[in-house]
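Here is the file model_30.tsv (TSV, C-alpha atoms).
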chain	number	residue	atom	x	y	z
A	1	GLN	CA	-4.27	-19.31	-1.16
A	2	VAL	CA	-3.55	-15.62	-1.56
A	3	GLN	CA	-0.21	-14.34	-0.33
A	4	LEU	CA	0.81	-10.71	-0.32
A	5	VAL	CA	4.38	-9.82	0.52
A	6	GLU	CA	5.35	-6.22	1.17
A	7	SER	CA	8.82	-4.77	0.92
A	8	GLY	CA	10.51	-1.41	0.66
A	9	GLY	CA	9.89	0.03	4.09
A	10	GLY	CA	12.61	1.58	6.18
A	11	LEU	CA	13.89	4.67	7.91
A	12	VAL	CA	13.95	7.92	5.96
A	13	GLN	CA	14.35	11.58	6.83
A	14	ALA	CA	11.48	14.00	6.46
A	15	GLY	CA	11.20	15.14	2.87
A	16	GLY	CA	12.57	11.87	1.56
A	17	SER	CA	10.98	9.18	-0.58
A	18	LEU	CA	10.27	5.48	-0.41
A	19	ARG	CA	8.70	3.02	-2.77
A	20	LEU	CA	6.78	0.15	-1.26
A	21	SER	CA	6.12	-3.03	-3.21
A	22	CYS	CA	3.45	-5.67	-2.73
A	23	ALA	CA	4.07	-8.90	-4.56
A	24	ALA	CA	1.09	-11.19	-4.91
A	25	SER	CA	1.11	-14.94	-5.36
A	26	GLY	CA	-0.38	-15.38	-8.79
A	27	SER	CA	-2.07	-12.92	-11.09
A	28	ILE	CA	-3.38	-9.66	-9.68
A	29	TYR	CA	-5.99	-9.53	-12.45
A	30	ARG	CA	-8.20	-11.63	-10.17
A	31	PHE	CA	-8.42	-8.90	-7.55
A	32	ASN	CA	-11.23	-6.37	-7.78
A	33	ALA	CA	-9.05	-3.85	-5.99
A	34	MET	CA	-5.74	-3.59	-4.21
A	35	GLY	CA	-4.64	-1.02	-1.75
A	36	TRP	CA	-2.27	0.17	0.90
A	37	TYR	CA	-3.42	0.74	4.44
A	38	ARG	CA	-1.36	2.09	7.27
A	39	GLN	CA	-1.50	1.88	11.04
A	40	ALA	CA	0.38	4.26	13.29
A	41	PRO	CA	1.03	3.40	16.94
A	42	GLY	CA	-2.13	3.80	18.98
A	43	LYS	CA	-4.25	4.53	15.93
A	44	GLN	CA	-6.67	2.61	13.78
A	45	ARG	CA	-5.66	1.18	10.45
A	46	GLU	CA	-6.59	3.56	7.65
A	47	LEU	CA	-6.65	3.48	3.89
A	48	ALA	CA	-3.80	5.35	2.25
A	49	ALA	CA	-4.38	4.51	-1.40
A	50	ARG	CA	-6.37	2.12	-3.51
A	51	ILE	CA	-6.39	1.00	-7.12
A	52	THR	CA	-9.09	-1.01	-8.86
A	53	SER	CA	-8.70	-3.66	-11.51
A	54	GLY	CA	-9.71	-1.01	-14.02
A	55	GLY	CA	-6.95	1.31	-12.87
A	56	SER	CA	-9.06	3.83	-10.95
A	57	THR	CA	-7.30	5.23	-7.91
A	58	ASN	CA	-8.25	7.03	-4.76
A	59	TYR	CA	-6.17	8.47	-1.97
A	60	ALA	CA	-6.59	9.57	1.59
A	61	ASP	CA	-6.55	13.35	1.93
A	62	SER	CA	-3.52	13.07	4.19
A	63	VAL	CA	-1.36	11.63	1.40
A	64	LYS	CA	-2.94	13.10	-1.72
A	65	GLY	CA	-0.40	14.82	-3.93
A	66	ARG	CA	2.52	13.06	-2.28
A	67	VAL	CA	1.74	9.43	-2.94
A	68	THR	CA	1.09	7.42	-6.10
A	69	ILE	CA	-0.27	3.89	-6.27
A	70	SER	CA	0.38	1.84	-9.37
A	71	ARG	CA	0.27	-1.74	-10.54
A	72	ASP	CA	2.41	-3.88	-12.79
A	73	ASN	CA	0.22	-6.74	-13.94
A	74	ALA	CA	3.12	-8.56	-15.58
A	75	LYS	CA	4.97	-8.65	-12.26
A	76	ASN	CA	1.87	-9.24	-10.12
A	77	THR	CA	2.97	-6.30	-8.03
A	78	VAL	CA	1.42	-3.12	-6.68
A	79	TYR	CA	3.57	-0.18	-5.73
A	80	LEU	CA	3.21	2.81	-3.46
A	81	GLN	CA	5.54	5.65	-4.32
A	82	MET	CA	5.75	8.04	-1.40
A	83	ASN	CA	7.40	11.44	-1.71
A	84	SER	CA	7.81	14.41	0.61
A	85	LEU	CA	7.46	12.10	3.56
A	86	LYS	CA	6.50	13.56	6.92
A	87	PRO	CA	6.99	12.22	10.44
A	88	GLU	CA	3.24	11.66	10.62
A	89	ASP	CA	3.57	9.13	7.80
A	90	THR	CA	5.34	6.84	10.24
A	91	ALA	CA	3.32	3.62	10.40
A	92	VAL	CA	3.20	-0.01	9.45
A	93	TYR	CA	2.00	-0.18	5.86
A	94	TYR	CA	-0.13	-3.13	4.84
A	95	CYS	CA	-1.00	-4.37	1.40
A	96	HIS	CA	-4.63	-5.37	0.92
A	97	ALA	CA	-6.42	-7.16	-1.89
A	98	VAL	CA	-10.08	-7.95	-2.47
A	99	GLN	CA	-11.35	-10.92	-4.43
A	100	TYR	CA	-15.06	-11.72	-4.63
A	101	GLY	CA	-15.70	-9.69	-1.51
A	102	VAL	CA	-13.00	-11.38	0.54
A	103	GLY	CA	-10.11	-9.30	1.80
A	104	TYR	CA	-6.53	-10.44	2.16
A	105	TRP	CA	-3.68	-8.79	4.03
A	106	GLY	CA	0.06	-8.82	3.85
A	107	GLN	CA	2.25	-8.93	6.93
A	108	GLY	CA	3.12	-5.24	6.79
A	109	THR	CA	6.26	-3.21	6.36
A	110	GLN	CA	7.46	-0.52	8.74
A	111	VAL	CA	7.97	3.03	7.50
A	112	THR	CA	9.65	5.43	9.88
A	113	VAL	CA	10.13	9.08	9.00
A	114	SER	CA	12.50	11.05	11.20
A	115	SER	CA	12.21	14.79	11.66

Transcribe the structure of this file into structure tokens.
Amino acid sequence: QVQLVESGGGLVQAGGSLRLSCAASGSIYRFNAMGWYRQAPGKQRELAARITSGGSTNYADSVKGRVTISRDNAKNTVYLQMNSLKPEDTAVYYCHAVQYGVGYWGQGTQVTVSS
């Protein structure tokens, strides 16, 4: 059973920073890729950032240059460092992992950016 637990969300002013964490149950080596998706009110869930088991990363254009995804294999944790936050970054952020073509989701963590 795969469990992903997000933390680190909260309320921050525009221009501020947050670091989200996604702790996985067991080793993250088994996942082909892990990522962070986000869903704003009334909008579809979208990919924000993704990292593969080999360390390759890709980012949505909307966050590129402001966000960094990283992984700590020893801690079985993936991070999303978000800087220069904007009100439009307000969303529920979900951790996602893929293993053998099967996707798993965390419960989400709310990020609210005030103007």

If you count all atoms listed in the file, which residues fall within 10 Å of Gln81 of chain A, apart from same-chain ones fewer than 3 positions away, as a PyMOL selection string? chain A and resi 8+17-21+66-70+78

For Leu4 of chain A, the closest of A:Ala74, A:Ala91, A:Leu85, A:Ala97 counting all atoms listed in the file is A:Ala97

Using all atoms listed in the file, which of the listed residues (A:Arg38, A:Gly106, A:Tyr59, A:Ser114) sits closest to Ser7 of chain A?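 Checking each of A:Arg38, A:Gly106, A:Tyr59, A:Ser114 against Ser7 of chain A, counting all atoms listed in the file, the winner is A:Gly106.
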
Figure out the distance between atom CA of Val5 of chain A and atom CA of Ala24 of chain A, please, to one decimal in Å.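 Separation of atom CA of Ala24 of chain A and atom CA of Val5 of chain A: 6.5 Å.
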
Of the listed residues A:Val92, A:Val63, A:Leu11, A:Leu80, that which approaches Ala23 of chain A most closely, counting only C-alpha atoms: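 The shortest atom-to-atom distance to Ala23 of chain A comes from A:Leu80.
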
Using Å and a single decimal, report how far atom CA of Ala48 of chain A sits from atom CA of Tyr94 of chain A.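 These atoms are spaced 9.6 Å apart.
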
List as a PDB file with C-alpha atoms, keeping the file's coordinate frame the protein and nucleic acid residues near Ile51 of chain A, meaning an atom at most 12 Å away when all atoms listed in the file are counted, but skip any in the same chain fewer than 5 places from it.
ATOM      1  CA  ILE A  28      -3.380  -9.660  -9.680  1.00  0.00           C
ATOM      2  CA  TYR A  29      -5.990  -9.530 -12.450  1.00  0.00           C
ATOM      3  CA  PHE A  31      -8.420  -8.900  -7.550  1.00  0.00           C
ATOM      4  CA  ASN A  32     -11.230  -6.370  -7.780  1.00  0.00           C
ATOM      5  CA  ALA A  33      -9.050  -3.850  -5.990  1.00  0.00           C
ATOM      6  CA  MET A  34      -5.740  -3.590  -4.210  1.00  0.00           C
ATOM      7  CA  GLY A  35      -4.640  -1.020  -1.750  1.00  0.00           C
ATOM      8  CA  TRP A  36      -2.270   0.170   0.900  1.00  0.00           C
ATOM      9  CA  TYR A  37      -3.420   0.740   4.440  1.00  0.00           C
ATOM     10  CA  SER A  56      -9.060   3.830 -10.950  1.00  0.00           C
ATOM     11  CA  THR A  57      -7.300   5.230  -7.910  1.00  0.00           C
ATOM     12  CA  ASN A  58      -8.250   7.030  -4.760  1.00  0.00           C
ATOM     13  CA  TYR A  59      -6.170   8.470  -1.970  1.00  0.00           C
ATOM     14  CA  THR A  68       1.090   7.420  -6.100  1.00  0.00           C
ATOM     15  CA  ILE A  69      -0.270   3.890  -6.270  1.00  0.00           C
ATOM     16  CA  SER A  70       0.380   1.840  -9.370  1.00  0.00           C
ATOM     17  CA  ARG A  71       0.270  -1.740 -10.540  1.00  0.00           C
ATOM     18  CA  ASP A  72       2.410  -3.880 -12.790  1.00  0.00           C
ATOM     19  CA  THR A  77       2.970  -6.300  -8.030  1.00  0.00           C
ATOM     20  CA  VAL A  78       1.420  -3.120  -6.680  1.00  0.00           C
ATOM     21  CA  TYR A  79       3.570  -0.180  -5.730  1.00  0.00           C
ATOM     22  CA  LEU A  80       3.210   2.810  -3.460  1.00  0.00           C
ATOM     23  CA  CYS A  95      -1.000  -4.370   1.400  1.00  0.00           C
ATOM     24  CA  HIS A  96      -4.630  -5.370   0.920  1.00  0.00           C
ATOM     25  CA  ALA A  97      -6.420  -7.160  -1.890  1.00  0.00           C
ATOM     26  CA  VAL A  98     -10.080  -7.950  -2.470  1.00  0.00           C
TER      27      VAL A  98
END

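Note that atom CA of Gln107 of chain A and atom CA of Ala14 of chain A are 24.7 Å apart.
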
Box along x, y and z, 4 Å on every side, all listed atoms of segment 97-101 of chain A inside: centre and edge lengths in Å to one decimal, as AutoDock Vina command-line options.
--center_x -11.1 --center_y -9.4 --center_z -3.1 --size_x 17.3 --size_y 12.6 --size_z 11.1

Could you tell me which of A:Gln13, A:Gln44, A:Ser62, A:Gln3 comes closest to Thr112 of chain A if we count only C-alpha atoms?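 Comparing A:Gln13, A:Gln44, A:Ser62, A:Gln3 against Thr112 of chain A, the winner is A:Gln13.
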
Kindly indicate which residue among A:Gly55, A:Cys22, A:Val111, A:Pro41 lies nearest to Lys86 of chain A, using only C-alpha atoms for the distances.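 The shortest atom-to-atom distance to Lys86 of chain A comes from A:Val111.
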
Between A:Ser25, A:Glu6, A:Val113, A:Lys43, which is the closest to Asp89 of chain A once you count all atoms listed in the file?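 Closest to Asp89 of chain A of all the choices is A:Val113.
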